[in-house]
Protein chains: 2
Amino acid sequence: MARAETKERLLQAAVRTLASSGYAKTTARAIAKTGGFAPGVIYYHYADLDDLFVETARFTSARRLERYKSETKNFTGAADLVTRLRALYEEDTAEGHIAAIQELVAAAVASPRLAEQVREETARWQEFAESVITTLIAGSPIAELVPVPELASAAVATYLGLEMLSHLHAEGTGPERMFQAAHRLALLIDSVSGNQP
Amino acid sequence: MARAETKERLLQAAVRTLASSGYAKTTARAIAKTGGFAPGVIYYHYADLDDLFVETARFTSARRLERYKSETKNFTGAADLVTRLRALYEEDTAEGHIAAIQELVAAAVASPRLAEQVREETARWQEFAESVITTLIAGSPIAELVPVPELASAAVATYLGLEMLSHLHAEGTGPERMFQAAHRLALLIDSVSGNQP
């Protein structure tokens, strides 16, 4: 198996183990068991678990961000955007991406390197959210009034908090109803702005 | 020392240890060191660490919710509410409350009892957010159109996500700028609704 392919299998096994067992139980042995390879493979590629966790944060964030970018390309209005985000949200949940991120954020309290990586990844999501919001409001009469960076920060925080809670089935109304409410609001925004439905 | 007082000292030490070291390193020994008592005291009051974590979730959530309820009583409008929430947010950060909650949510992946407790606490915050939003929009011409439970869920998720990120200094624009933007928006809402400034 090629080096890149092995690394990807390793990182996918790390994401799945973090999501199912939590960071405290995500040992080399547990990851190896999830992925079906020998624990030694991990130490061949990574200096230690901290090193692997940093790479896992980079890997899962980059992969999801790529999907978000490609799937939100050329959206036609607010309602269309909400529909696309809802499908992406379902993918996040199915892949264990957010459960893994949540564990990595919690693990970062005790790891300055991991904390630094989480900051870098959050900055990328912030930039993506700003570009989506800028596209959404382009040409609108209120465009000048919208505080884009603050709104983008709020969007990133909301997504993270929502997925954290829904992972535990602790969310108040359920993501389904929240996306429906967002969709109704988006239709209203579109009809005011003259966007395509 | 009275039993209730000992328990409160224990739980405060657990909150501080979770916030500073993460759940994986929050052992009986570490908590005892933080609180300045013998590790045996913990096992006198709690069956195991899982039991202590469940109580810690209940304790820190109840204490903060009480502050939120008393400090948002009789708010006079959206801008006044934002000002009060901002002060409460600073208290959350100073006490290590949210860092501890974040660790407990992450630890809940491997503990069904802790997950159940997090669900119960989230339901209480959801109820609080609904009551604040209902008060805020009472008498407004758009009151009927506001999806209160969905908005309350979004508010709880945003707060949680924001505090998670700001704990790592990973938030995009910083809570300060986001509260300022929320305050400007709130002033606009108040001027439209005829609230007191």
# chains A, B, ... in the order shown; residues from 1 in each chain; ligands from 1
call {"tool": "interface_residues", "arguments": {"of": "chain B", "to": "chain A", "cutoff": "6 Å", "atoms": "only C-alpha atoms", "output": "mmCIF file with C-alpha atoms, in the first residue's frame"}}
result
data_model
loop_
_atom_site.group_PDB
_atom_site.id
_atom_site.type_symbol
_atom_site.label_atom_id
_atom_site.label_comp_id
_atom_site.auth_asym_id
_atom_site.auth_seq_id
_atom_site.Cartn_x
_atom_site.Cartn_y
_atom_site.Cartn_z
ATOM 1 C CA SER B 21 -6.299 19.810 32.294
ATOM 2 C CA GLY B 22 -9.036 18.193 30.175
ATOM 3 C CA ALA B 24 -8.548 12.572 30.451
ATOM 4 C CA GLU B 103 -14.826 18.571 28.512
ATOM 5 C CA ALA B 106 -16.572 15.296 25.091
ATOM 6 C CA VAL B 109 -19.270 10.118 24.257
ATOM 7 C CA ALA B 110 -18.088 7.254 26.454
ATOM 8 C CA ARG B 119 -29.301 16.387 27.746
ATOM 9 C CA GLN B 126 -33.356 25.739 26.036
ATOM 10 C CA GLU B 150 -35.825 26.932 16.869
ATOM 11 C CA SER B 153 -31.946 26.123 20.075
ATOM 12 C CA ALA B 157 -25.818 26.206 20.217
ATOM 13 C CA THR B 158 -24.199 29.529 19.291
ATOM 14 C CA LEU B 160 -21.775 26.881 23.363
ATOM 15 C CA GLY B 161 -19.849 26.965 20.074
ATOM 16 C CA LEU B 162 -18.629 30.501 20.661
ATOM 17 C CA ALA B 170 -9.800 30.199 17.952
ATOM 18 C CA GLY B 172 -12.779 34.438 14.159
ATOM 19 C CA MET B 178 -19.407 40.007 18.137
#
call {"tool": "select_by_dssp", "arguments": {"residues": "region 26-167 of chain B", "states": "helix (DSSP H, G or I)", "output": "number ranges by chain"}}
result
B: 28-35, 40-45, 49-71, 78-95, 97-110, 112-137, 143-145, 148-167
call {"tool": "atom_distance", "arguments": {"atom1": "CA of Ala87 (chain A)", "atom2": "CA of Ser191 (chain A)"}}
result
22.8 Å
call {"tool": "atom_distance", "arguments": {"atom1": "CA of Tyr89 (chain A)", "atom2": "CA of Val132 (chain A)"}}
result
15.9 Å
